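Engineer: File structure15.cif below, mmCIF, C-alpha atoms and all ligand atoms:
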data_model
#
loop_
_atom_site.label_atom_id
_atom_site.label_comp_id
_atom_site.auth_asym_id
_atom_site.auth_seq_id
_atom_site.Cartn_x
_atom_site.Cartn_y
_atom_site.Cartn_z
CA MET H 1 0.89 -30.62 -27.10
CA GLU H 2 2.27 -27.32 -25.81
CA ARG H 3 4.18 -27.57 -22.54
CA LYS H 4 5.20 -24.49 -20.64
CA ILE H 5 6.66 -23.77 -17.26
CA ILE H 6 6.06 -20.62 -15.23
CA ARG H 7 8.89 -20.06 -12.78
CA ALA H 8 8.23 -17.68 -9.88
CA ARG H 9 7.51 -17.45 -6.20
CA LEU H 10 4.24 -19.36 -5.93
CA LEU H 11 1.39 -19.04 -3.45
CA SER H 12 -1.78 -21.11 -3.35
CA PHE H 13 -4.25 -21.90 -0.56
CA ARG H 14 -5.27 -25.38 0.53
CA ARG H 15 -8.10 -24.21 2.75
CA GLU H 16 -9.26 -21.06 4.51
CA PRO H 17 -6.62 -19.74 6.93
CA LEU H 18 -7.99 -19.65 10.46
CA THR H 19 -5.50 -17.20 11.97
CA PRO H 20 -2.48 -15.20 10.77
CA ASP H 21 -0.31 -18.06 12.11
CA ASP H 22 -2.11 -20.72 10.11
CA THR H 23 0.69 -21.24 7.58
CA ASP H 24 -0.41 -24.83 6.91
CA SER H 25 -3.40 -23.40 5.08
CA PHE H 26 -1.29 -22.49 2.06
CA ARG H 27 1.65 -23.65 0.02
CA TYR H 28 4.35 -21.09 -0.69
CA ILE H 29 7.37 -21.99 -2.80
CA GLU H 30 10.26 -19.54 -3.04
CA ASP H 31 11.59 -20.95 -6.35
CA GLY H 32 8.55 -22.67 -7.72
CA GLY H 33 7.40 -23.94 -11.07
CA LEU H 34 4.05 -24.60 -12.68
CA LEU H 35 4.02 -27.08 -15.52
CA ILE H 36 1.16 -26.20 -17.85
CA GLU H 37 -0.25 -28.28 -20.69
CA ASP H 38 -3.30 -27.38 -22.75
CA GLY H 39 -4.28 -24.59 -20.39
CA VAL H 40 -4.26 -26.85 -17.33
CA ILE H 41 -1.73 -27.00 -14.48
CA ARG H 42 -0.11 -30.45 -14.49
CA ALA H 43 2.41 -29.90 -11.71
CA PHE H 44 2.98 -27.35 -8.91
CA ASP H 45 6.36 -27.90 -7.32
CA ASP H 46 9.88 -26.68 -6.68
CA PHE H 47 11.20 -25.53 -10.02
CA ASP H 48 14.08 -27.99 -10.03
CA ARG H 49 11.77 -30.95 -9.41
CA LEU H 50 9.79 -30.39 -12.61
CA ASP H 51 10.44 -32.30 -15.81
CA ALA H 52 11.22 -29.45 -18.18
CA THR H 53 11.65 -31.64 -21.28
CA GLY H 54 10.26 -29.83 -24.30
CA ALA H 55 8.84 -27.00 -22.21
CA THR H 56 9.34 -23.27 -22.68
CA VAL H 57 10.21 -21.60 -19.38
CA THR H 58 9.04 -18.10 -18.44
CA ASP H 59 10.82 -16.77 -15.39
CA HIS H 60 8.78 -14.26 -13.38
CA ARG H 61 11.08 -14.12 -10.37
CA PRO H 62 11.18 -12.13 -8.13
CA HIS H 63 7.45 -11.64 -8.58
CA LEU H 64 4.71 -13.60 -6.87
CA VAL H 65 2.35 -15.83 -8.84
CA MET H 66 -1.07 -16.68 -7.47
CA PRO H 67 -4.27 -18.09 -8.94
CA GLY H 68 -6.08 -15.41 -10.96
CA PHE H 69 -8.57 -13.36 -8.98
CA ILE H 70 -12.28 -14.18 -9.02
CA ASP H 71 -14.87 -11.39 -9.05
CA THR H 72 -18.27 -12.77 -8.06
CA HIS H 73 -20.48 -9.75 -8.79
CA LEU H 74 -20.14 -6.90 -11.26
CA HIS H 75 -22.08 -5.30 -14.08
CA PHE H 76 -20.95 -5.44 -17.71
CA PRO H 77 -23.02 -2.42 -18.89
CA GLN H 78 -21.75 -0.19 -16.10
CA THR H 79 -18.19 0.45 -17.26
CA GLN H 80 -19.16 4.07 -17.97
CA VAL H 81 -21.29 4.51 -14.84
CA ILE H 82 -18.41 4.34 -12.35
CA ALA H 83 -17.93 7.65 -10.55
CA SER H 84 -21.46 8.97 -11.13
CA TRP H 85 -22.41 11.43 -8.43
CA ALA H 86 -25.58 10.26 -6.69
CA ALA H 87 -27.10 10.36 -3.24
CA GLU H 88 -27.81 6.67 -2.82
CA LEU H 89 -28.78 3.44 -4.55
CA LEU H 90 -32.19 4.21 -6.03
CA ASP H 91 -31.17 7.69 -7.29
CA TRP H 92 -27.99 6.23 -8.73
CA LEU H 93 -29.95 3.54 -10.56
CA ASN H 94 -32.62 5.90 -11.91
CA ASP H 95 -30.42 8.87 -12.76
CA TYR H 96 -27.37 7.17 -14.27
CA THR H 97 -27.42 3.41 -14.40
CA PHE H 98 -30.73 2.65 -16.07
CA PRO H 99 -30.27 5.32 -18.80
CA GLU H 100 -26.77 4.01 -19.51
CA GLU H 101 -27.92 0.38 -19.68
CA THR H 102 -30.51 1.23 -22.37
CA ARG H 103 -27.54 1.69 -24.76
CA TYR H 104 -26.86 -2.06 -24.57
CA SER H 105 -29.70 -2.85 -26.95
CA ASP H 106 -27.11 -2.20 -29.66
CA PRO H 107 -25.23 -5.43 -30.50
CA GLU H 108 -22.36 -3.51 -32.06
CA LEU H 109 -21.82 -1.50 -28.86
CA CYS H 110 -22.10 -4.72 -26.83
CA ALA H 111 -19.43 -6.45 -28.91
CA ARG H 112 -17.06 -3.49 -28.61
CA MET H 113 -17.62 -3.07 -24.87
CA ALA H 114 -17.27 -6.81 -24.20
CA LYS H 115 -13.66 -6.59 -25.38
CA VAL H 116 -13.01 -3.50 -23.27
CA PHE H 117 -14.64 -5.07 -20.23
CA LEU H 118 -12.68 -8.34 -20.37
CA ASP H 119 -9.45 -6.43 -21.09
CA LEU H 120 -10.07 -4.37 -17.96
CA LEU H 121 -10.68 -7.46 -15.87
CA THR H 122 -7.49 -9.22 -16.90
CA ALA H 123 -5.47 -6.00 -16.60
CA HIS H 124 -6.56 -6.02 -12.95
CA GLY H 125 -5.66 -9.70 -12.47
CA THR H 126 -9.23 -11.00 -12.58
CA THR H 127 -9.55 -14.21 -14.58
CA THR H 128 -13.06 -15.35 -13.61
CA ALA H 129 -16.04 -13.03 -13.39
CA VAL H 130 -19.70 -13.38 -12.54
CA ALA H 131 -21.28 -10.49 -14.39
CA TYR H 132 -24.73 -9.08 -14.89
CA ALA H 133 -25.43 -8.29 -18.54
CA SER H 134 -28.18 -5.77 -19.36
CA VAL H 135 -31.83 -6.70 -19.95
CA HIS H 136 -31.01 -7.14 -23.65
CA ALA H 137 -30.12 -10.67 -24.78
CA PRO H 138 -27.43 -9.33 -27.18
CA SER H 139 -25.46 -7.97 -24.24
CA ALA H 140 -25.14 -11.46 -22.75
CA GLU H 141 -24.46 -12.91 -26.22
CA ALA H 142 -21.60 -10.48 -26.78
CA LEU H 143 -20.01 -11.15 -23.42
CA PHE H 144 -20.26 -14.92 -23.82
CA ALA H 145 -18.83 -14.77 -27.35
CA GLU H 146 -15.86 -12.63 -26.30
CA ALA H 147 -15.09 -14.80 -23.25
CA LEU H 148 -15.30 -17.94 -25.37
CA ALA H 149 -12.88 -16.45 -27.91
CA ARG H 150 -10.43 -15.88 -25.02
CA ASN H 151 -11.10 -19.23 -23.35
CA MET H 152 -11.96 -17.26 -20.23
CA ARG H 153 -14.15 -18.55 -17.41
CA LEU H 154 -17.23 -16.37 -17.20
CA ILE H 155 -20.69 -16.61 -15.71
CA THR H 156 -23.28 -14.14 -16.89
CA GLY H 157 -26.95 -13.78 -17.65
CA LYS H 158 -29.32 -11.26 -19.08
CA ILE H 159 -31.07 -9.31 -16.39
CA LEU H 160 -34.78 -9.97 -15.87
CA MET H 161 -36.58 -6.66 -15.24
CA ASP H 162 -40.15 -5.93 -16.28
CA ARG H 163 -41.16 -2.91 -14.18
CA ASN H 164 -39.94 0.27 -12.49
CA ALA H 165 -37.46 0.93 -15.26
CA PRO H 166 -37.48 3.23 -18.31
CA ASP H 167 -38.62 2.35 -21.81
CA GLY H 168 -36.02 0.28 -23.58
CA LEU H 169 -34.96 -1.39 -20.36
CA ARG H 170 -37.85 -3.71 -19.65
CA ASP H 171 -38.63 -7.20 -20.80
CA THR H 172 -41.79 -9.11 -19.94
CA ALA H 173 -42.21 -12.22 -17.83
CA GLN H 174 -42.56 -14.26 -21.03
CA SER H 175 -39.83 -12.62 -23.14
CA GLY H 176 -37.41 -12.70 -20.20
CA TYR H 177 -38.08 -16.41 -19.77
CA ASP H 178 -37.75 -17.13 -23.50
CA ASP H 179 -34.54 -15.11 -23.92
CA SER H 180 -32.97 -16.72 -20.85
CA LYS H 181 -33.89 -20.20 -22.11
CA ALA H 182 -32.33 -19.51 -25.50
CA LEU H 183 -29.15 -18.11 -23.92
CA ILE H 184 -28.85 -21.13 -21.62
CA ALA H 185 -29.27 -23.53 -24.54
CA ARG H 186 -26.68 -21.70 -26.60
CA TRP H 187 -24.00 -20.89 -24.00
CA HIS H 188 -24.30 -22.70 -20.69
CA GLY H 189 -21.50 -25.27 -20.39
CA GLN H 190 -19.82 -24.20 -23.63
CA GLY H 191 -16.07 -23.85 -23.11
CA ARG H 192 -15.64 -22.29 -19.69
CA LEU H 193 -18.97 -20.47 -19.70
CA GLY H 194 -21.89 -20.71 -17.32
CA TYR H 195 -25.29 -19.07 -17.19
CA ALA H 196 -26.68 -17.17 -14.21
CA ILE H 197 -30.44 -16.71 -13.99
CA THR H 198 -30.56 -13.00 -13.17
CA PRO H 199 -33.68 -11.34 -11.73
CA ARG H 200 -32.14 -7.91 -11.08
CA PHE H 201 -33.91 -7.38 -7.74
CA ALA H 202 -37.44 -7.48 -6.36
CA ILE H 203 -38.20 -3.86 -7.27
CA THR H 204 -37.75 -4.41 -11.00
CA SER H 205 -39.53 -7.77 -11.31
CA THR H 206 -43.29 -8.29 -11.11
CA PRO H 207 -44.51 -11.35 -9.24
CA ALA H 208 -45.20 -12.90 -12.67
CA GLN H 209 -41.57 -12.43 -13.62
CA MET H 210 -40.37 -13.78 -10.28
CA GLU H 211 -42.44 -16.90 -11.03
CA ALA H 212 -40.80 -17.16 -14.45
CA ALA H 213 -37.40 -16.95 -12.73
CA GLN H 214 -38.55 -19.70 -10.38
CA THR H 215 -39.45 -21.89 -13.34
CA LEU H 216 -36.09 -21.21 -15.00
CA ALA H 217 -34.30 -22.05 -11.76
CA ARG H 218 -36.23 -25.29 -11.38
CA GLU H 219 -35.54 -26.27 -14.98
CA HIS H 220 -31.83 -25.46 -14.70
CA PRO H 221 -30.54 -26.50 -11.28
CA ASP H 222 -26.93 -26.29 -12.44
CA CYS H 223 -27.22 -22.63 -13.48
CA HIS H 224 -26.21 -20.04 -10.94
CA ILE H 225 -28.80 -17.52 -9.76
CA GLN H 226 -27.78 -13.93 -9.05
CA THR H 227 -29.70 -11.03 -7.60
CA HIS H 228 -29.42 -8.14 -5.14
CA LEU H 229 -30.62 -8.37 -1.56
CA SER H 230 -30.94 -5.90 1.28
CA GLU H 231 -28.49 -3.28 0.11
CA ASN H 232 -30.24 -0.10 1.17
CA HIS H 233 -33.10 0.90 3.50
CA ALA H 234 -35.26 2.56 0.83
CA GLU H 235 -34.79 -0.48 -1.40
CA ILE H 236 -35.87 -2.82 1.40
CA THR H 237 -38.99 -0.77 2.20
CA LEU H 238 -40.10 -0.60 -1.44
CA SER H 239 -39.40 -4.30 -2.03
CA CYS H 240 -41.55 -5.30 0.92
CA GLN H 241 -44.34 -2.98 -0.25
CA LEU H 242 -44.25 -4.56 -3.69
CA TYR H 243 -44.40 -8.08 -2.23
CA PRO H 244 -46.79 -7.67 0.71
CA LYS H 245 -47.18 -11.41 1.26
CA ALA H 246 -43.46 -11.88 1.88
CA VAL H 247 -42.47 -11.74 5.55
CA ASP H 248 -39.30 -9.83 4.66
CA TYR H 249 -37.03 -9.11 1.68
CA THR H 250 -35.26 -12.48 1.79
CA ASP H 251 -38.63 -14.23 1.76
CA ILE H 252 -39.42 -12.69 -1.64
CA TYR H 253 -36.65 -14.80 -3.12
CA ALA H 254 -37.08 -17.78 -0.78
CA SER H 255 -40.77 -18.07 -1.57
CA HIS H 256 -39.84 -18.33 -5.26
CA ASP H 257 -37.25 -21.06 -4.61
CA LEU H 258 -34.44 -18.75 -5.68
CA LEU H 259 -32.23 -19.46 -2.68
CA ARG H 260 -29.92 -22.42 -3.05
CA GLU H 261 -26.21 -23.27 -2.94
CA ASN H 262 -25.48 -21.63 -6.27
CA SER H 263 -27.42 -18.42 -5.52
CA LEU H 264 -25.31 -15.27 -5.24
CA LEU H 265 -26.90 -12.47 -3.25
CA GLY H 266 -25.22 -9.14 -3.79
CA HIS H 267 -24.79 -6.94 -0.69
CA ALA H 268 -26.88 -8.74 1.99
CA ILE H 269 -26.24 -5.95 4.48
CA HIS H 270 -29.35 -5.16 6.53
CA LEU H 271 -30.57 -8.65 7.36
CA SER H 272 -32.65 -9.77 10.34
CA GLU H 273 -31.80 -12.90 12.32
CA ARG H 274 -34.66 -14.64 10.53
CA GLU H 275 -33.28 -13.73 7.13
CA ILE H 276 -29.77 -14.87 8.04
CA GLY H 277 -31.22 -18.18 9.20
CA ALA H 278 -33.16 -18.57 5.94
CA LEU H 279 -30.05 -17.88 3.87
CA ALA H 280 -28.02 -20.32 5.94
CA GLU H 281 -30.67 -23.02 5.64
CA ALA H 282 -30.55 -22.67 1.85
CA SER H 283 -26.72 -22.41 1.81
CA ALA H 284 -27.09 -19.34 -0.42
CA ARG H 285 -24.03 -17.11 -0.88
CA PRO H 286 -24.00 -13.52 0.37
CA VAL H 287 -21.66 -11.35 -1.69
CA PHE H 288 -19.69 -8.60 0.07
CA CYS H 289 -19.23 -5.58 -2.24
CA PRO H 290 -17.04 -3.20 -0.21
CA THR H 291 -16.23 -0.36 -2.61
CA SER H 292 -19.85 -0.17 -3.72
CA ASN H 293 -21.24 -0.26 -0.18
CA LEU H 294 -19.02 2.64 0.85
CA TYR H 295 -19.51 4.60 -2.35
CA LEU H 296 -23.33 4.41 -2.29
CA GLY H 297 -23.37 4.75 1.50
CA SER H 298 -25.29 1.48 1.71
CA GLY H 299 -23.97 0.12 4.98
CA LEU H 300 -21.48 -2.23 6.62
CA PHE H 301 -21.50 -5.91 5.62
CA ASN H 302 -21.33 -8.04 8.77
CA ASP H 303 -19.00 -10.78 7.63
CA ALA H 304 -18.43 -12.36 11.06
CA LYS H 305 -22.13 -12.57 11.87
CA LEU H 306 -22.99 -14.27 8.60
CA ARG H 307 -20.07 -16.67 8.89
CA LYS H 308 -21.10 -17.55 12.41
CA ALA H 309 -24.46 -18.59 11.01
CA GLY H 310 -22.60 -20.99 8.71
CA LEU H 311 -22.73 -18.92 5.54
CA VAL H 312 -19.98 -18.93 2.93
CA ASN H 313 -19.51 -15.30 1.88
CA ALA H 314 -18.14 -14.26 -1.49
CA ILE H 315 -16.45 -10.91 -2.19
CA ALA H 316 -16.78 -8.77 -5.31
CA SER H 317 -16.13 -5.43 -6.98
CA ASP H 318 -19.73 -4.60 -8.00
CA VAL H 319 -18.51 -2.27 -10.73
CA GLY H 320 -20.11 0.26 -11.52
CA GLY H 321 -21.61 0.83 -8.03
CA GLY H 322 -18.19 -0.38 -7.05
CA THR H 323 -15.38 2.02 -7.81
CA SER H 324 -12.55 -0.27 -8.88
CA TYR H 325 -12.08 -3.38 -10.98
CA SER H 326 -9.21 -4.31 -8.70
CA MET H 327 -9.85 -7.14 -6.28
CA LEU H 328 -6.87 -5.73 -4.34
CA GLN H 329 -8.70 -2.43 -3.89
CA THR H 330 -11.82 -4.44 -3.06
CA LEU H 331 -9.85 -6.08 -0.24
CA ALA H 332 -8.49 -2.71 0.89
CA GLU H 333 -11.98 -1.28 1.32
CA GLY H 334 -13.30 -4.54 2.72
CA TYR H 335 -10.59 -4.44 5.35
CA LYS H 336 -11.74 -0.99 6.47
CA ILE H 337 -15.42 -1.98 6.59
CA LEU H 338 -14.56 -4.92 8.83
CA GLN H 339 -12.24 -2.76 10.97
CA LEU H 340 -15.19 -0.46 11.71
CA GLN H 341 -16.98 -3.47 13.18
CA GLY H 342 -14.04 -4.77 15.18
CA GLN H 343 -13.41 -7.57 12.66
CA ARG H 344 -9.91 -8.14 11.29
CA MET H 345 -9.23 -9.36 7.77
CA HIS H 346 -5.70 -10.72 7.89
CA PRO H 347 -3.87 -10.93 4.57
CA TYR H 348 -3.82 -14.72 4.30
CA ARG H 349 -7.56 -14.78 4.66
CA ALA H 350 -7.90 -11.87 2.24
CA PHE H 351 -5.92 -13.55 -0.53
CA HIS H 352 -7.64 -16.85 0.10
CA TRP H 353 -10.96 -15.02 -0.29
CA ILE H 354 -10.33 -13.54 -3.75
CA THR H 355 -8.93 -16.87 -5.04
CA ARG H 356 -9.97 -20.21 -3.56
CA GLY H 357 -12.60 -18.67 -1.26
CA ASN H 358 -14.60 -17.19 -4.11
CA ALA H 359 -14.12 -20.43 -6.05
CA VAL H 360 -15.68 -22.33 -3.14
CA ALA H 361 -18.56 -19.84 -3.02
CA LEU H 362 -19.16 -20.52 -6.72
CA GLY H 363 -18.79 -24.30 -6.35
CA LEU H 364 -15.83 -24.24 -8.73
CA GLU H 365 -12.90 -24.98 -6.41
CA ASP H 366 -12.05 -28.14 -8.33
CA ARG H 367 -11.32 -26.02 -11.41
CA ILE H 368 -10.17 -22.55 -10.37
CA GLY H 369 -8.79 -20.67 -7.39
CA THR H 370 -5.69 -22.78 -6.67
CA LEU H 371 -2.44 -23.74 -8.37
CA ASP H 372 -3.02 -27.44 -7.71
CA ALA H 373 -2.41 -29.94 -10.49
CA GLY H 374 -5.64 -30.27 -12.43
CA SER H 375 -6.64 -26.62 -11.99
CA GLU H 376 -7.13 -24.39 -14.98
CA ALA H 377 -4.03 -22.26 -15.53
CA ASP H 378 -5.50 -18.86 -14.67
CA LEU H 379 -2.73 -16.89 -13.00
CA VAL H 380 -1.79 -13.44 -11.82
CA VAL H 381 1.80 -12.24 -11.50
CA LEU H 382 2.10 -9.63 -8.75
CA ASN H 383 4.74 -7.04 -7.91
CA ALA H 384 4.40 -5.57 -4.42
CA CYS H 385 7.01 -2.91 -5.31
CA ALA H 386 5.01 -1.61 -8.27
CA THR H 387 4.91 2.04 -7.20
CA PRO H 388 7.53 4.15 -5.40
CA ALA H 389 5.34 4.25 -2.30
CA MET H 390 4.87 0.47 -2.35
CA ALA H 391 8.60 -0.10 -2.88
CA LEU H 392 9.36 2.10 0.12
CA ARG H 393 6.94 0.14 2.27
CA MET H 394 8.31 -3.15 0.98
CA ALA H 395 11.86 -2.13 1.93
CA ARG H 396 10.71 -2.59 5.53
CA ALA H 397 8.69 -5.76 4.90
CA ARG H 398 9.28 -8.67 7.26
CA GLY H 399 8.07 -11.49 5.09
CA LEU H 400 5.20 -12.87 3.02
CA MET H 401 2.48 -11.52 5.28
CA ASP H 402 3.80 -7.96 4.94
CA GLU H 403 4.13 -8.37 1.19
CA LEU H 404 0.53 -9.56 0.90
CA PHE H 405 -0.73 -6.80 3.15
CA THR H 406 1.10 -4.19 1.07
CA LEU H 407 -0.62 -5.56 -2.03
CA GLN H 408 -3.95 -5.69 -0.19
CA VAL H 409 -3.80 -2.11 1.07
CA MET H 410 -1.83 -0.28 -1.64
CA GLY H 411 -2.17 -2.49 -4.71
CA ASP H 412 -4.24 -2.11 -7.86
CA ASP H 413 -3.67 -2.83 -11.56
CA ARG H 414 -0.18 -1.33 -11.34
CA ALA H 415 0.81 -4.30 -9.20
CA VAL H 416 -0.31 -6.76 -11.88
CA VAL H 417 2.73 -7.64 -14.01
CA GLN H 418 0.99 -10.25 -16.12
CA THR H 419 -2.22 -12.24 -16.21
CA TYR H 420 -2.62 -15.69 -17.74
CA VAL H 421 -5.95 -17.07 -18.88
CA ALA H 422 -5.93 -20.85 -19.44
CA GLY H 423 -2.15 -20.74 -19.67
CA VAL H 424 -2.00 -17.93 -22.22
CA ALA H 425 -0.47 -14.55 -21.35
CA CYS H 426 -2.92 -11.67 -21.79
CA THR H 427 -1.47 -8.78 -23.73
N1 LIG H 501 -29.66 -3.20 -7.22
C1 LIG H 501 -30.31 -3.41 -8.38
N2 LIG H 501 -29.51 -3.16 -9.43
C2 LIG H 501 -28.35 -2.77 -8.94
C3 LIG H 501 -27.11 -2.38 -9.55
O1 LIG H 501 -26.96 -2.33 -10.76
N3 LIG H 501 -26.11 -2.06 -8.68
C4 LIG H 501 -26.25 -2.12 -7.33
N4 LIG H 501 -25.22 -1.79 -6.55
N5 LIG H 501 -27.39 -2.47 -6.74
C5 LIG H 501 -28.42 -2.80 -7.55
ZN ZN H 502 -24.73 -5.21 -8.37
#
Take the structure in this file and express it as C-alpha cells.
Ligand code: GUN
Ligand code: ZN
Structural biologist:
Amino acid sequence: MERKIIRARLLSFRREPLTPDDTDSFRYIEDGGLLIEDGVIRAFDDFDRLDATGATVTDHRPHLVMPGFIDTHLHFPQTQVIASWAAELLDWLNDYTFPEETRYSDPELCARMAKVFLDLLTAHGTTTAVAYASVHAPSAEALFAEALARNMRLITGKILMDRNAPDGLRDTAQSGYDDSKALIARWHGQGRLGYAITPRFAITSTPAQMEAAQTLAREHPDCHIQTHLSENHAEITLSCQLYPKAVDYTDIYASHDLLRENSLLGHAIHLSEREIGALAEASARPVFCPTSNLYLGSGLFNDAKLRKAGLVNAIASDVGGGTSYSMLQTLAEGYKILQLQGQRMHPYRAFHWITRGNAVALGLEDRIGTLDAGSEADLVVLNACATPAMALRMARARGLMDELFTLQVMGDDRAVVQTYVAGVACT
C-alpha cells in the first residue's frame, strides 16, 4: 500500500462560516500534514503528530493546501465557445453554442477534447465537476472514460434536447431516454463517476421528452438531475409559452417531478416568491453562475433571498457562457454581483462555498470538499503570491483572511501550484 504525506499549511472547513469572525468553522494548521493511502486521506493533523513510517513526504510549504475545488455546472462541448460575442442568451446559443456542439457527434473529437477539458479543470484547481455533455451519447462516453482513467470524480450526462435546435443536435423523446438509460447502466457508480439526467432546458425539450426525463428520474432516484432555470427574460417568456399549463417556469420542472434534493438548477435568477417556495419545498439546488450571468447580461443572482428561504445554493463556472474555468475568478465575479445587492461574500464563506459548500449541495460532503480523514485526497496547492501584483498585495496582508481574499479577488490558474486527484499529482 502506498503511503504519502503532504506537508503544507492546511485549511479545511467544518461547516459554513457564519461571519468573518467565525474561526471555529474551519481548521487551519500552520505546519500540517495529510497522510494519504490509496487515494484517501487517513489523517489530517500537525505534521509532527503523523506517523511517517514508510511514507514519502512532499513539502509544499509555504503554500496553502485546501480540498480541490468543485465546479457544479459547466459544459464540456463549450471549451471553444468561450468569448463568443453575442447579445444575450438565446442569440449566444443559436449563433455559436448550438453549431459548435454539433461537432461532438464525432467520438474521436470527443475523446481528444475530454483530455483537454479535464486537464483545464485540474490546471485551475478543480477536482470535481458536474458537466453537461452534448446531445450525443459519445460525448458523455468520452468524458466518463477519461475521468475514470484519471480516477477523477465527475458527474455528467448527455443533454436531452428534441426541438428548437439545428439538425445534428436533436434527439427524440425515445432515443434520449434509451441513450440515457444505457449511459446510466454503463457508468453510474463506476469508480468516482455519477450520472446526471440532463434535460437542457424547457425550450429544447418537448412535453414528451420532459415526460421521458420524468420517467428516468423516477427510475434512478440516486442520479442527479441538471437543467437551466430562469436565466433570462426572453428564455422565461418562451418557456412559459411552450408549456402553457405550467403556472410559471419552475412549475414546468416541478410538474414533471424534476425538482428534488439532487436537482441542480443553473442560474435561478428571475424567480417569483412562489417559485422560490417551490424550490425550497423540494430542496432543489440553485446554482449561481457569476461570470456567465455578467457576460451574457442575464441578471443578478439573489443569494441572500434564496438562502433565507432555506435553499442551499451551489456556485459554478458555467463555461462556456462563463468566462473562466477558475473557481477563484468565479468567486471574484460572484463577490461583485453580491456587492451590487448589498450582500457581502467574506472570504471564509467564499472558500467554504467552492469546497465543502458545493459538496453539500451535491450530497457528497462525506467524500469530497474537506481534508477530514476518510475524504478522497483531492487537493489544491495555492500560492497567493503567484503574480507580481499578488505578491505586492500579500506583502501587506494581515493574516489568513487577507491571503484568502487576495486569492479570491486576484487569483486564477497562476495561483494553482499543484492539483492532486485521489492522491496523485496532476502533471
Ligand atoms: N440554457 C440552455 N443551454 C444553456 C447553455 O448552454 N448555457 C447557458 N448559460 N444557458 C443555457
Ligand atoms: Zn449552463
Engineer: May I ask which of the residues H:Ser255, H:Gln343, H:Thr172, H:Thr330 is the closest one to Ile315 (chain H), counting all atoms listed in the file?
Structural biologist: H:Thr330
Engineer: Give the centre and edge lengths of an axis-aligned box, in Å to one decimal, that holds all listed atoms of ligand LIG 501 (chain H) with 4 Å on each side, as lines of an AutoDock Vina configuration file.
Structural biologist:
center_x = -27.8
center_y = -2.6
center_z = -8.7
size_x = 13.1
size_y = 9.6
size_z = 12.2
Engineer: So, counting only C-alpha atoms and all ligand atoms, which residue among H:Asn383, H:Gln80, H:Thr126, H:Thr198 is closest to ligand ZN 502 (chain H)?
Structural biologist: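 Looking only at the distances to ligand ZN 502 (chain H), the closest residue turns out to be H:Thr198.
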Engineer: Using only C-alpha atoms for the distances, tell me which of H:Leu169, H:Leu121, H:Leu35, H:Met210 is nearest to Asp412 (chain H).
Structural biologist: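 Once distances to Asp412 (chain H) are computed over only C-alpha atoms, the minimum belongs to H:Leu121.
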Engineer: If we draw a sphere of 9 Å around (-43.8, -12.2, -16.1), which residues have at least one atom in it when counting all atoms listed in the file? Please report them as a list in words.
Structural biologist: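 So the residues meeting the distance criterion are Asp162, Asp171, Thr172, Ala173, Gln174, Ser175, Gly176, Tyr177, Ser205, Thr206, Pro207, Ala208, Gln209, Met210, Glu211, Ala212 and Ala213 of chain H.
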Engineer: Would you put the residues from that selection into a file with C-alpha atoms, as a short mmCIF file (atom, residue, chain, number, x, y, z; two decimals), keeping the file's coordinate frame?
Structural biologist:
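This went into selection14.cif:
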data_model
loop_
_atom_site.label_atom_id
_atom_site.label_comp_id
_atom_site.auth_asym_id
_atom_site.auth_seq_id
_atom_site.Cartn_x
_atom_site.Cartn_y
_atom_site.Cartn_z
CA ASP H 162 -40.15 -5.93 -16.28
CA ASP H 171 -38.63 -7.20 -20.80
CA THR H 172 -41.79 -9.11 -19.94
CA ALA H 173 -42.21 -12.22 -17.83
CA GLN H 174 -42.56 -14.26 -21.03
CA SER H 175 -39.83 -12.62 -23.14
CA GLY H 176 -37.41 -12.70 -20.20
CA TYR H 177 -38.08 -16.41 -19.77
CA SER H 205 -39.53 -7.77 -11.31
CA THR H 206 -43.29 -8.29 -11.11
CA PRO H 207 -44.51 -11.35 -9.24
CA ALA H 208 -45.20 -12.90 -12.67
CA GLN H 209 -41.57 -12.43 -13.62
CA MET H 210 -40.37 -13.78 -10.28
CA GLU H 211 -42.44 -16.90 -11.03
CA ALA H 212 -40.80 -17.16 -14.45
CA ALA H 213 -37.40 -16.95 -12.73
#
Engineer: From the options H:Thr56, H:Gln341, H:Thr355, H:Asp45, which residue's atoms come nearest to Arg3 (chain H), counting all atoms listed in the file?
Structural biologist: H:Thr56
Engineer: Selecting N, CA, C and O atoms, how would region 123-129 of chain H from this structure be written as a PDB file, in the first residue's frame?
Structural biologist:
ATOM      1  N   ALA H 123      -5.837  22.046 -13.983  1.00  0.00           N
ATOM      2  CA  ALA H 123      -4.887  23.170 -14.007  1.00  0.00           C
ATOM      3  C   ALA H 123      -5.443  24.368 -13.243  1.00  0.00           C
ATOM      4  O   ALA H 123      -4.684  25.207 -12.756  1.00  0.00           O
ATOM      5  N   HIS H 124      -6.752  24.447 -13.147  1.00  0.00           N
ATOM      6  CA  HIS H 124      -7.399  25.541 -12.407  1.00  0.00           C
ATOM      7  C   HIS H 124      -7.767  25.125 -10.979  1.00  0.00           C
ATOM      8  O   HIS H 124      -8.466  25.861 -10.287  1.00  0.00           O
ATOM      9  N   GLY H 125      -7.342  23.941 -10.554  1.00  0.00           N
ATOM     10  CA  GLY H 125      -7.583  23.509  -9.172  1.00  0.00           C
ATOM     11  C   GLY H 125      -8.913  22.829  -8.959  1.00  0.00           C
ATOM     12  O   GLY H 125      -9.277  22.514  -7.821  1.00  0.00           O
ATOM     13  N   THR H 126      -9.644  22.573 -10.024  1.00  0.00           N
ATOM     14  CA  THR H 126     -10.951  21.910  -9.903  1.00  0.00           C
ATOM     15  C   THR H 126     -10.764  20.397  -9.994  1.00  0.00           C
ATOM     16  O   THR H 126     -10.199  19.897 -10.967  1.00  0.00           O
ATOM     17  N   THR H 127     -11.245  19.695  -8.980  1.00  0.00           N
ATOM     18  CA  THR H 127     -11.061  18.244  -8.941  1.00  0.00           C
ATOM     19  C   THR H 127     -12.379  17.474  -9.081  1.00  0.00           C
ATOM     20  O   THR H 127     -12.350  16.271  -9.317  1.00  0.00           O
ATOM     21  N   THR H 128     -13.493  18.149  -8.898  1.00  0.00           N
ATOM     22  CA  THR H 128     -14.802  17.525  -9.146  1.00  0.00           C
ATOM     23  C   THR H 128     -15.598  18.466 -10.037  1.00  0.00           C
ATOM     24  O   THR H 128     -15.663  19.669  -9.767  1.00  0.00           O
ATOM     25  N   ALA H 129     -16.211  17.905 -11.069  1.00  0.00           N
ATOM     26  CA  ALA H 129     -17.034  18.736 -11.948  1.00  0.00           C
ATOM     27  C   ALA H 129     -18.369  18.057 -12.210  1.00  0.00           C
ATOM     28  O   ALA H 129     -18.456  16.828 -12.257  1.00  0.00           O
TER      29      ALA H 129
END
